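Enquirer: Sharing a structure below in structure tokens format, with a few things to ask.
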Amino acid sequence: MSDVALVRGASRLVAALAIVIVLGLVGFAAVWSVRPPAARDAGASGFSAQRAFEQVEAIATEPHPVGSAAQGRVRDHLVSALRGLGLSPEIQDTVSIEGGELSSSAGGAALAHVRNVVTLIPGSDSTGRIFLVAHTDSVQIGPGANDDAAGTAAILEIARALAGGPRLRNDVVLVLTDGEEACLCGAKAFVDQHPLAQSLPNQRSGIALNLEARGSSGPAIMFETAADNRALVDVYAHAPKPVGTSFAVEIYRLLPNDTDFTAFREAGFTGLNAAYIDGAAVYHAPTDLPSAMDLDSLQHHGDNALAVTRDLGGRDLSALTSSDDATYFPAPGLLVRYPGELVWPLAGLALVAVIVLGWLARRQGRTTGRKLAGASIVTLLPIIVAPVLAQLFWPLLEAIRPEYAAMPIDPYRPGWYRLAVLALTATVVFAWYAWFHRSRRAGPVALAVAGLGWLAVLGLALAGTMPGGSYLGALPALAGAVAGIVALLVRGRWPVLAIAAGGAIAVIILLPTVIMLFPALGMPTAGAGAFLAVLLGLALLPVIELLHPVAAGQRGLDALRARRRATAPTLAALLATVLCTAVGLSVDRFDAEHPALTQLMYALDTDSNTAQWLSDEPSVQKWTSQYVSGDPHTVNATLPAFGPEKMRTGQAQAASVPAPNLTLESDTRSGDRRVLKLRLQPRRQVRLTTLHVESGVTVTAATVGGRELPADKLEVKEKDGPWGFGIVFHAPPAEGVEVTLTVKASGPVKFRAMDGSDGLTALPGFQSRPAAVGIAASHTSELLAVAKTYTL
Ligand SMILES: [Zn+2]
């Protein structure tokens, strides 16, 4: 037989146990490297989570969306807190167009009347500016303790530490924005209109550090950078506890999320974006309360941001340049990083090393070319099967607990479910391995080489598509191949040490990313975490081989006994999967503090004096089913601001609520063109008001609230339905919004005007929610919309 095991007999068991213990310790250290530090009182010059938390409690007392009276109180509090530090905050009060390409909704171009709180801490000999950015507004239904009172409070605490310390060389600008949730409009207003953003010699000497949260716990992950980040990543690496990976930057680009950072990045500034993201069940929900916050996360946010601000504050920012993106990832005690130029060479080297390993193993008679080829094919099984099963896990849980369908990212207590997915992945890998490591067409050596081979191939594929993630395949493949080559060339206990070293490197590189990927993508995308976990399993095949107490080549009863023992790891992992799922289902129950989420809206059409309930729940919840039914359908025929989104509807009683007024203030006609000066004026307290022009009428220019819309905002994205160009204006002033449109039309033009307030409780026919039923994290939850058609 050619499957000659490197280690045999009793020493094999000892080696297996020793490696498992070592890898367990390494795994513990790797997980620890991405845990937030404990909250502490850091003295006058440091960042104290407790002091910052007192600010969170002052800010997050109630929902405070842009334009609300509550947001006015938050702003007053921030101004007085900053003045109390001896600083001179000013209010940037302006109208701004939406920031970020992704945030432009199909429902129309978004604008907002925002009031940013901007504070300059002048440097002694400034070479550029550091913008500390967080948003002061919350969503309309929740107090936003984490999102983003945490970031705002952290910046206040950083300002306190800076104001009490020696003066920095560079300017620090505290940019506490407004209207982030609505349209990133505050950040956009700052980068487009504020003198402190406009007066830099070049944009690269402006560095934005944005502080965000999309949950209530976990490490503050530096998940996004501007392009050519190498120099800044080097600075970040010296923060007290850097947690970030270049893979996150790549993943984030695929997600439909935006933060204020987008506005800074698109304006050409450089910078870093950090957020803690675990505990996402409270995100944008009424449960985003101060009491939900993990102070360790706040400490982590503040520790790193303060250190990076101080570091950048003393540098010559004009010299802080680089022309490539670094690859970086956390390891115990440091942030590993290398220049982007090394991505392709390392990926290539990994493949070469695996090929050399395969060649050497064949030459030594430990495997054959046919076995290597067979192993390469069968190794695709776990790579495909485990992620597919992990993807099916959440739909299974939804079938058991229908309320989960309304949780967009994670349930309240996802920990046991994540473990279940990892155990499920282990079950697949163990079962597959138990089957094929004895196969004549594969065998342990061929499987180990094939596993590393697929890692190397993935490293190459990612080098071409997502360079920041290439290390996840290339480095474990390279380490594993080098370890394998050493193991084949040496004698005694050295092969075991080589296998342990290769496995340890794979654990250090892959485990933190597996751990961070689950909260990043949530249970509905658990397959992604399972995929990376399979890669870790493939890198550990030589270790798994030691766990299977069989040297290949046995026959008869011995083989039977060995085969039975070989199923032990599979059965153990399967049992763990079932147990973790059962425990998860029993601990993650809905109650008043952890309510099931429901989404409901109300729309009144004053043309016909009819009303309807609407819900965008992906699968209708029990409470919501008393209002809406049937299949989801578009509603943009009467509610163009909703865009093409499909939702369920149900008949409602018409309430006595006035629609916004649309008045024609002037009308200039020349040929087939009309210039219409309109005033759109809500007649009640609203959060937003919208205006749409009938489809087929081309709008060639538009000025809204004094802002001229850029040409790309005039384009109509959704051509179906009776309405075309439209605007969504957040926080309209009481006197209304002036809208000047140049349209290609000579005759009358139809307009649809709508406004929206928040809160359904006063509506006829509304039944209040029972204690364990809450409000879903949607920007339209509890919206009360009133619409009317005008022909002018
Ligand atoms: Zn936010």
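Identifiers in this document derive from the order of the structure tokens: chains are assigned A, B, ..., residues are numbered from 1 separately in each chain, and ligands are numbered from 1 in order of occurrence.
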What lies within 12 Å of Ala70 (chain A) using only C-alpha atoms, ignoring chain neighbours under 6 positions off, as a PyMOL selection string?
Expert: chain A and resi 58-64+76-77+136-140+142-143
Enquirer: Where does chain A meet ligand 1 within 7 Å, residue by residue, with the nearest atom pair and distance in Å to one decimal for each, counting only C-alpha atoms and all ligand atoms, listed by chain and rising number, as JSON lines?
Expert:
{"residue": "A:His135", "atom": "CA", "partner": "ligand 1", "partner_atom_place_in_ligand_line": "1 (Zn)", "distance": 6.5}
{"residue": "A:Asp147", "atom": "CA", "partner": "ligand 1", "partner_atom_place_in_ligand_line": "1 (Zn)", "distance": 4.4}
{"residue": "A:Asp148", "atom": "CA", "partner": "ligand 1", "partner_atom_place_in_ligand_line": "1 (Zn)", "distance": 5.0}
{"residue": "A:Glu180", "atom": "CA", "partner": "ligand 1", "partner_atom_place_in_ligand_line": "1 (Zn)", "distance": 6.9}
{"residue": "A:Glu181", "atom": "CA", "partner": "ligand 1", "partner_atom_place_in_ligand_line": "1 (Zn)", "distance": 6.6}
{"residue": "A:Glu212", "atom": "CA", "partner": "ligand 1", "partner_atom_place_in_ligand_line": "1 (Zn)", "distance": 5.4}
{"residue": "A:Ala213", "atom": "CA", "partner": "ligand 1", "partner_atom_place_in_ligand_line": "1 (Zn)", "distance": 5.9}
{"residue": "A:Arg214", "atom": "CA", "partner": "ligand 1", "partner_atom_place_in_ligand_line": "1 (Zn)", "distance": 6.7}
{"residue": "A:Thr259", "atom": "CA", "partner": "ligand 1", "partner_atom_place_in_ligand_line": "1 (Zn)", "distance": 6.5}
Enquirer: Can I get the selected residues back with N, CA and C atoms, as a compact mmCIF listing (two decimals), in the first residue's frame?
Expert:
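Saved the output as result-v1.txt:
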# COMPACT_ATOMS: atom_id res chain seq x y z
N HIS A 135 -23.06 60.15 13.55
CA HIS A 135 -24.32 60.83 13.29
C HIS A 135 -25.15 60.96 14.56
N ASP A 147 -26.76 53.08 17.62
CA ASP A 147 -26.69 53.68 16.27
C ASP A 147 -27.36 55.03 16.30
N ASP A 148 -26.69 56.13 16.53
CA ASP A 148 -25.26 56.19 16.69
C ASP A 148 -24.91 57.11 17.84
N GLU A 180 -28.41 61.21 8.80
CA GLU A 180 -27.71 60.07 8.22
C GLU A 180 -28.70 58.98 7.85
N GLU A 181 -29.60 58.70 8.76
CA GLU A 181 -30.56 57.61 8.52
C GLU A 181 -31.44 57.91 7.31
N GLU A 212 -19.47 54.07 13.98
CA GLU A 212 -20.84 53.60 13.75
C GLU A 212 -21.13 52.37 14.60
N ALA A 213 -22.36 51.93 14.58
CA ALA A 213 -22.74 50.66 15.20
C ALA A 213 -23.91 50.08 14.43
N ARG A 214 -23.90 48.76 14.25
CA ARG A 214 -25.02 48.08 13.61
C ARG A 214 -25.42 46.92 14.52
N THR A 259 -22.86 54.42 5.09
CA THR A 259 -22.76 55.25 6.29
C THR A 259 -22.28 56.63 5.84
Enquirer: Select, from A:Thr262, A:Thr309, A:Thr700, A:Asn202, the residue with the minimum atom-to-atom distance to Val173 (chain A), counting only C-alpha atoms.
Expert: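 Nearest to Val173 (chain A): A:Thr309.
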Enquirer: What parts of region 273-408 of chain A does DSSP call alpha helix (DSSP H)? I'd like the answer as a PyMOL selection string.
Expert: chain A and resi 295-313+343-363+369-378+380-400
Enquirer: Find, counting only C-alpha atoms, the residue in A:Val449, A:Ala197, A:Leu389, A:Ile221 that gets nearest to Thr525 (chain A).
Expert: A:Leu389
